[in-house]
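**Student:** Please read through the structure below; I'll follow up with questions.
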Amino acid sequence: MLGLATLGFAVNFWAWALLSPLAPKLKDALRLTPFQQALLVAVPVVVGSVGRIPVGALTDRFGGRIMFPLVSLATIVPVLYLGWAGHASFAGLLVGGFLLGVGGTTFAIGVPFVTAWFPSAKRGLAVGVFGMGMGGTAISALTTVKLVAVYGTATPFLVTAGVLFGYAGLAALLLRDAPNRQVPAEPLARRLAATLRLPITWHASALYAVVFGGYVAFSVYLPAYLKTAYALSQADAANRMAGFVLLAVIMRPAGGWLSDRFGPTRVLYVVLPVVGLGAVVQAFTPALAPIGTAAFLAMAAALGAGSGATFALVALLAPANKVGSVTGVVGAAGGLGGFVPPLLMGAVYTRYGSYAIGLLLLAVVAAAALVLTVTAVRKSARPATIRPGRVPSDV
């Protein structure tokens with residue numbers, strides 16, 4: 001079940017990220033401004049993020065067995081639209097990108113689905129493994145530009161639609177909800193209201209907006225950044241973005257496993273300073289080899305591990321019948337955290353001809369998240385980490 005859920009997450013994230021590798025090409029073809037280019041890649045992110053709130057609550061009610069194939073089939077519609085007609089104009093791309101956001105909601109399906117299958121002591125690692133599905137963005141980065149160059153613009157969209165259809169059929173046949181899954185009896189609005197009253201909802205949302213939001217922002221905007229700041233080719237920039245994504249993907253289950261072993265807060269104590277330091281270094285636009293590459297890879301590893309640690313915290317503290325609802329809100333915060341930076345970076349570069357201010361703001365936000373972790377989050381996590389005969393892991 002974990003494997004099927006991870007596969008579904010990866011396939012839908014592949015679709016969700018189809019526009020990012022093509023952004024430099026579309027900018028040239030449609031004569032887009034830097035801000036329009038940033039808006040183009042940010043729209044699917046914000047829709048996929050906000051959509052996680054209702055999708056997470058619906059998953060609590062109906063289960064992943066229904067929601068995974070349903071959302072996968074719905075994602076096919078904008079993928080085909082973009083491949084056949086939507087890519088020809090900026091307005092068409094915005095409409096297609098808006099609908100494409102549906103694919104990004106699958107994260108809020110998978111976390112409650114996976115959590116229900118595992119005991120609390122193993123949920124950090126399990127959710128971290130599921131989180132590797134965000135590597136679907138790497139599949140998009142590695143294949144989209146190549147398929148367009150050889151077979152035409154529509155090809156990657158048609159291929160992705162076929163894969164989505166195949167996964168929807170596989171999920172409908174094989175996916176099963178955990179036997180002990182708790183089905184909430186309250187109406188949707190009441191459950192969402194109760195979710196918003198939980199401290200873990202707000203703490204995890206703030207942290208995820210930084211760690212996963214940072215990952216999303218780099219994964220969608222890095223090709224444009226590298227082409228502008230370092231004059232890389234479109235293919236080279238897409239390949240380097242794929243390397244960033246793959247490292248973050250690998251580190252996500254590592255962050256979950258370390259959280260099971262040492263506590264989520266301890267992992268966050270380490271990764272947040274790494275993010276801040278990497279952003280400060282990159283603000284000076286150092287040579288890409290070796291300093292710039294090292295800064296980006298360090299941030300990728302930290303953001304991936306931090307994402308795993310944040311959802312280990314959710315699995316530890318969220319009530320069992322509200323994991324989907326909490327995941328929806330937290331996932332929305334993470335996606336929204338990835339929506340703002342590309343727009344900000346595009347606007348900053350247009351105004352000042354440099355990305356330095358945007359990167360320094362990332363460092364400031366990482367520092368604020370560290371303060372939150374050391375204070376409020378640590379206090380909330382302490383009781384849940386106490387086991388008989390065991391010292392609290394976040395002390």
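Following the order of the structure tokens, chains are lettered A, B, ..., residues in each are numbered from 1, and ligands are numbered from 1.
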Might you pull out every residue within 7 Å of region 329-344 of chain A, with only C-alpha atoms counted and same-chain residues fewer than 6 positions away left off, and present them as a list in words?

**Tutor:**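 Skipping anything fewer than 6 positions along the chain leaves Phe35, Ala38, Leu39, Ala42, Val45, Val46, Ser49, Val50, Arg52, Ile53, Ala108, Thr201, Ala204, Ser205, Tyr208, Ala209, Val210, Phe212, Gly213, Gly214, Val216, Ala217, Tyr221 and Gly358 of chain A.
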
**Student:** Considering only C-alpha atoms, give me a table of residues in region 190-252 of chain A that are at most 12 Å from region 5-19 of chain A, with the closest atom pair and distance in Å for each, as a tab-separated table.

**Tutor:**
residue	atom	partner	partner_atom	distance
A:Val216	CA	A:Ala17	CA	9.7
A:Ala217	CA	A:Ala17	CA	11.4
A:Phe218	CA	A:Ala17	CA	11.8
A:Ser219	CA	A:Ala17	CA	8.5
A:Val220	CA	A:Ala17	CA	7.2
A:Tyr221	CA	A:Leu19	CA	10.5
A:Pro223	CA	A:Leu19	CA	11.2
A:Ala224	CA	A:Leu19	CA	11.7
A:Ala238	CA	A:Leu18	CA	11.7
A:Met241	CA	A:Ala17	CA	11.9
A:Ala242	CA	A:Ala17	CA	11.5
A:Val245	CA	A:Ala17	CA	11.7
A:Val249	CA	A:Ala10	CA	10.7

**Student:** Of the candidates A:Pro24, A:Gly63, A:Gly97, A:Gly304, which one gets nearest to Leu40 (chain A) if we count only C-alpha atoms?

**Tutor:**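 Closest candidate: A:Gly97.
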
**Student:** Find the residues around Gly56 (chain A) up to 12 Å (only C-alpha atoms counted), leave out those fewer than 5 positions away in its own chain, and share them as a tab-separated table (two decimals) with C-alpha atoms, in the first residue's frame.

**Tutor:**
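Okay, result.tsv is ready:
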chain	number	residue	atom	x	y	z
A	48	GLY	CA	-2.71	22.49	-5.63
A	49	SER	CA	-1.94	23.89	-2.21
A	50	VAL	CA	-5.33	25.37	-1.36
A	51	GLY	CA	-7.03	22.30	-2.81
A	61	ARG	CA	-14.15	10.61	5.20
A	62	PHE	CA	-13.86	8.45	2.07
A	63	GLY	CA	-10.32	7.03	2.24
A	64	GLY	CA	-7.41	6.91	-0.18
A	67	MET	CA	-9.58	9.58	-3.62
A	68	PHE	CA	-6.35	8.47	-5.35
A	71	VAL	CA	-7.92	12.84	-8.39
A	104	GLY	CA	-0.80	18.70	-6.32
A	105	THR	CA	-3.58	17.77	-3.90
A	106	THR	CA	-2.59	14.09	-3.81
A	107	PHE	CA	-0.20	14.77	-0.96
A	108	ALA	CA	-3.19	15.31	1.34
A	109	ILE	CA	-4.54	11.92	0.27
A	110	GLY	CA	-1.37	9.93	0.87
A	111	VAL	CA	-0.37	11.07	4.35
A	112	PRO	CA	-3.56	9.94	6.16
A	113	PHE	CA	-3.71	6.82	3.97
A	188	LEU	CA	-16.86	18.51	7.00
A	191	ARG	CA	-14.02	18.88	11.32
A	192	LEU	CA	-12.14	21.67	9.58
A	195	THR	CA	-8.58	21.06	12.94
A	321	ASN	CA	-9.31	10.81	12.80
A	322	LYS	CA	-8.01	14.25	11.80
A	323	VAL	CA	-4.69	13.39	10.14
A	324	GLY	CA	-6.14	14.06	6.69
A	325	SER	CA	-7.60	17.40	7.74
A	326	VAL	CA	-4.37	18.48	9.44
A	327	THR	CA	-2.36	17.27	6.45
A	328	GLY	CA	-4.59	19.29	4.11
A	329	VAL	CA	-4.03	22.52	6.00
A	330	VAL	CA	-0.31	21.90	6.52
A	331	GLY	CA	0.15	20.82	2.91
A	332	ALA	CA	-1.66	23.95	1.76

**Student:** I'd like the contact shell of Leu268 (chain A) - 10 Å cut-off, only C-alpha atoms, skipping same-chain residues fewer than 6 positions apart - returned as a PyMOL selection string.

**Tutor:** chain A and resi 207+211+255+259+274+302-303+305-310+369-370+373-374

**Student:** Rank A:Ala161, A:Leu82, A:Ala320, A:Ala347 by their smallest atom-to-atom distance to Val183 (chain A), using only C-alpha atoms, and report the top residue only.

**Tutor:**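 So, comparing all the options, the nearest one is A:Ala320.
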
**Student:** Name the residues of region 46-176 of chain A that fall into alpha helix (DSSP H) according to DSSP on the backbone, using the chain letters and numbers of this document, as a ChimeraX atom specification.

**Tutor:** /A:46-50,52-62,64-84,90-100,107-115,123-131,136-151,155-174

**Student:** Using only C-alpha atoms, pick whichever of A:Gly263, A:Gly103, A:Gly346, A:Pro21 has the shortest atom-to-atom distance to Val148 (chain A).

**Tutor:**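 Smallest separation from Val148 (chain A) among the options: A:Pro21.
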
**Student:** Residues within 12 Å of Gln234 (chain A), please, as a list in words. Count only C-alpha atoms; anything in the same chain fewer than 5 positions from it doesn't count.

**Tutor:**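 So, after excluding close chain neighbours, the residues are Ser20, Pro21, Leu22, Ala23, Pro24, Lys25, Leu26, Lys27, Asp28, Ala141, Leu142, Thr144, Val145, Lys146, Ala149, Leu222, Pro223, Ala224, Tyr225, Leu226, Lys227, Thr228, Asn239, Arg240 and Met241 of chain A.
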
**Student:** With only C-alpha atoms as the counted atoms, please give the residues lying no more than 7 Å from Phe98 (chain A), apart from itself and same-chain residues fewer than 6 positions off, as a list in words.

**Tutor:**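 These residues fall inside the cut-off: Val43, Pro44 and Val47 of chain A.
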
**Student:** Excluding Val371 (chain A) and its own-chain neighbours fewer than 2 positions away, which residues fall within 12 Å of it when counting only C-alpha atoms? Please give them as an mmCIF file with all heavy atoms, in the first residue's frame.

**Tutor:**
data_model
loop_
_atom_site.group_PDB
_atom_site.id
_atom_site.type_symbol
_atom_site.label_atom_id
_atom_site.label_comp_id
_atom_site.auth_asym_id
_atom_site.auth_seq_id
_atom_site.Cartn_x
_atom_site.Cartn_y
_atom_site.Cartn_z
ATOM 1 N N HIS A 203 1.582 25.106 14.053
ATOM 2 C CA HIS A 203 3.031 24.936 14.156
ATOM 3 C C HIS A 203 3.588 24.251 12.906
ATOM 4 O O HIS A 203 4.564 24.719 12.304
ATOM 5 C CB HIS A 203 3.381 24.119 15.398
ATOM 6 C CG HIS A 203 3.050 24.807 16.681
ATOM 7 N ND1 HIS A 203 2.971 24.135 17.891
ATOM 8 C CD2 HIS A 203 2.780 26.102 16.959
ATOM 9 C CE1 HIS A 203 2.668 25.004 18.840
ATOM 10 N NE2 HIS A 203 2.549 26.194 18.302
ATOM 11 N N ALA A 206 3.469 26.473 9.711
ATOM 12 C CA ALA A 206 4.535 27.470 9.624
ATOM 13 C C ALA A 206 5.853 26.825 9.197
ATOM 14 O O ALA A 206 6.577 27.350 8.338
ATOM 15 C CB ALA A 206 4.698 28.174 10.965
ATOM 16 N N LEU A 207 6.168 25.673 9.773
ATOM 17 C CA LEU A 207 7.415 24.987 9.437
ATOM 18 C C LEU A 207 7.398 24.477 7.996
ATOM 19 O O LEU A 207 8.381 24.598 7.256
ATOM 20 C CB LEU A 207 7.654 23.830 10.397
ATOM 21 C CG LEU A 207 7.924 24.219 11.850
ATOM 22 C CD1 LEU A 207 7.915 22.985 12.742
ATOM 23 C CD2 LEU A 207 9.259 24.952 11.978
ATOM 24 N N THR A 265 11.986 17.577 16.386
ATOM 25 C CA THR A 265 12.523 18.907 16.661
ATOM 26 C C THR A 265 14.041 18.938 16.542
ATOM 27 O O THR A 265 14.616 19.915 16.068
ATOM 28 C CB THR A 265 12.097 19.390 18.052
ATOM 29 O OG1 THR A 265 12.420 18.405 19.027
ATOM 30 C CG2 THR A 265 10.601 19.658 18.100
ATOM 31 N N LEU A 268 14.953 19.349 12.982
ATOM 32 C CA LEU A 268 14.711 20.725 12.536
ATOM 33 C C LEU A 268 15.765 21.692 13.081
ATOM 34 O O LEU A 268 16.109 22.670 12.412
ATOM 35 C CB LEU A 268 13.310 21.163 12.971
ATOM 36 C CG LEU A 268 12.168 20.446 12.249
ATOM 37 C CD1 LEU A 268 10.841 20.680 12.962
ATOM 38 C CD2 LEU A 268 12.065 20.897 10.793
ATOM 39 N N TYR A 269 16.287 21.421 14.291
ATOM 40 C CA TYR A 269 17.359 22.261 14.835
ATOM 41 C C TYR A 269 18.564 22.305 13.901
ATOM 42 O O TYR A 269 19.295 23.299 13.842
ATOM 43 C CB TYR A 269 17.847 21.727 16.183
ATOM 44 C CG TYR A 269 16.860 21.776 17.315
ATOM 45 C CD1 TYR A 269 17.048 20.991 18.441
ATOM 46 C CD2 TYR A 269 15.737 22.606 17.283
ATOM 47 C CE1 TYR A 269 16.157 21.013 19.505
ATOM 48 C CE2 TYR A 269 14.843 22.639 18.331
ATOM 49 C CZ TYR A 269 15.046 21.836 19.440
ATOM 50 O OH TYR A 269 14.164 21.859 20.494
ATOM 51 N N LEU A 272 17.285 23.732 9.602
ATOM 52 C CA LEU A 272 16.909 25.131 9.370
ATOM 53 C C LEU A 272 18.125 26.065 9.287
ATOM 54 O O LEU A 272 18.175 26.936 8.395
ATOM 55 C CB LEU A 272 15.927 25.594 10.436
ATOM 56 C CG LEU A 272 14.527 24.959 10.325
ATOM 57 C CD1 LEU A 272 13.677 25.277 11.554
ATOM 58 C CD2 LEU A 272 13.814 25.412 9.051
ATOM 59 N N PRO A 273 19.133 25.927 10.163
ATOM 60 C CA PRO A 273 20.337 26.750 9.971
ATOM 61 C C PRO A 273 21.053 26.478 8.651
ATOM 62 O O PRO A 273 21.631 27.403 8.055
ATOM 63 C CB PRO A 273 21.222 26.368 11.165
ATOM 64 C CG PRO A 273 20.274 25.900 12.220
ATOM 65 C CD PRO A 273 19.184 25.203 11.452
ATOM 66 N N VAL A 364 16.183 34.845 6.416
ATOM 67 C CA VAL A 364 15.463 35.432 7.559
ATOM 68 C C VAL A 364 14.294 34.535 7.969
ATOM 69 O O VAL A 364 14.062 34.293 9.163
ATOM 70 C CB VAL A 364 14.963 36.846 7.197
ATOM 71 C CG1 VAL A 364 14.031 37.385 8.279
ATOM 72 C CG2 VAL A 364 16.141 37.789 6.999
ATOM 73 N N VAL A 365 13.556 34.021 6.997
ATOM 74 C CA VAL A 365 12.408 33.159 7.289
ATOM 75 C C VAL A 365 12.872 31.856 7.942
ATOM 76 O O VAL A 365 12.228 31.347 8.877
ATOM 77 C CB VAL A 365 11.613 32.886 6.000
ATOM 78 C CG1 VAL A 365 10.566 31.807 6.228
ATOM 79 C CG2 VAL A 365 10.946 34.155 5.514
ATOM 80 N N ALA A 366 13.985 31.288 7.486
ATOM 81 C CA ALA A 366 14.520 30.071 8.098
ATOM 82 C C ALA A 366 14.907 30.317 9.545
ATOM 83 O O ALA A 366 14.681 29.468 10.427
ATOM 84 C CB ALA A 366 15.722 29.569 7.300
ATOM 85 N N ALA A 367 15.474 31.483 9.836
ATOM 86 C CA ALA A 367 15.833 31.830 11.214
ATOM 87 C C ALA A 367 14.587 31.948 12.086
ATOM 88 O O ALA A 367 14.566 31.493 13.238
ATOM 89 C CB ALA A 367 16.624 33.130 11.235
ATOM 90 N N ALA A 368 13.523 32.544 11.557
ATOM 91 C CA ALA A 368 12.279 32.658 12.309
ATOM 92 C C ALA A 368 11.675 31.285 12.593
ATOM 93 O O ALA A 368 11.150 31.028 13.691
ATOM 94 C CB ALA A 368 11.286 33.526 11.541
ATOM 95 N N ALA A 369 11.752 30.382 11.613
ATOM 96 C CA ALA A 369 11.242 29.022 11.818
ATOM 97 C C ALA A 369 12.038 28.293 12.889
ATOM 98 O O ALA A 369 11.482 27.499 13.665
ATOM 99 C CB ALA A 369 11.294 28.250 10.495
ATOM 100 N N THR A 373 10.612 26.643 16.369
ATOM 101 C CA THR A 373 10.877 25.253 16.734
ATOM 102 C C THR A 373 11.439 25.144 18.140
ATOM 103 O O THR A 373 11.027 24.276 18.919
ATOM 104 C CB THR A 373 11.865 24.622 15.732
ATOM 105 O OG1 THR A 373 11.344 24.768 14.408
ATOM 106 C CG2 THR A 373 12.073 23.142 16.025
ATOM 107 N N VAL A 374 12.379 26.001 18.460
ATOM 108 C CA VAL A 374 13.034 25.952 19.772
ATOM 109 C C VAL A 374 12.058 26.298 20.898
ATOM 110 O O VAL A 374 12.197 25.818 22.017
ATOM 111 C CB VAL A 374 14.244 26.915 19.790
ATOM 112 C CG1 VAL A 374 14.828 27.040 21.190
ATOM 113 C CG2 VAL A 374 15.317 26.423 18.818
ATOM 114 N N THR A 375 11.042 27.095 20.590
ATOM 115 C CA THR A 375 10.123 27.553 21.635
ATOM 116 C C THR A 375 8.813 26.752 21.614
ATOM 117 O O THR A 375 8.686 25.732 22.280
ATOM 118 C CB THR A 375 9.852 29.055 21.473
ATOM 119 O OG1 THR A 375 9.399 29.326 20.125
ATOM 120 C CG2 THR A 375 11.130 29.853 21.723
ATOM 121 N N ALA A 376 7.845 27.190 20.822
ATOM 122 C CA ALA A 376 6.498 26.617 20.877
ATOM 123 C C ALA A 376 6.440 25.163 20.414
ATOM 124 O O ALA A 376 5.778 24.329 21.031
ATOM 125 C CB ALA A 376 5.551 27.476 20.032
ATOM 126 N N VAL A 377 7.131 24.830 19.329
ATOM 127 C CA VAL A 377 7.051 23.471 18.799
ATOM 128 C C VAL A 377 7.687 22.476 19.764
ATOM 129 O O VAL A 377 7.145 21.394 20.024
ATOM 130 C CB VAL A 377 7.720 23.382 17.412
ATOM 131 C CG1 VAL A 377 7.738 21.943 16.909
ATOM 132 C CG2 VAL A 377 6.993 24.283 16.422
ATOM 133 N N ARG A 378 8.816 22.819 20.314
ATOM 134 C CA ARG A 378 9.488 21.933 21.271
ATOM 135 C C ARG A 378 8.600 21.663 22.484
ATOM 136 O O ARG A 378 8.506 20.536 22.968
ATOM 137 C CB ARG A 378 10.808 22.563 21.716
ATOM 138 C CG ARG A 378 11.619 21.717 22.691
ATOM 139 C CD ARG A 378 12.961 22.395 22.945
ATOM 140 N NE ARG A 378 13.798 21.597 23.834
ATOM 141 C CZ ARG A 378 13.831 21.729 25.154
ATOM 142 N NH1 ARG A 378 13.064 22.628 25.748
ATOM 143 N NH2 ARG A 378 14.627 20.970 25.886
#
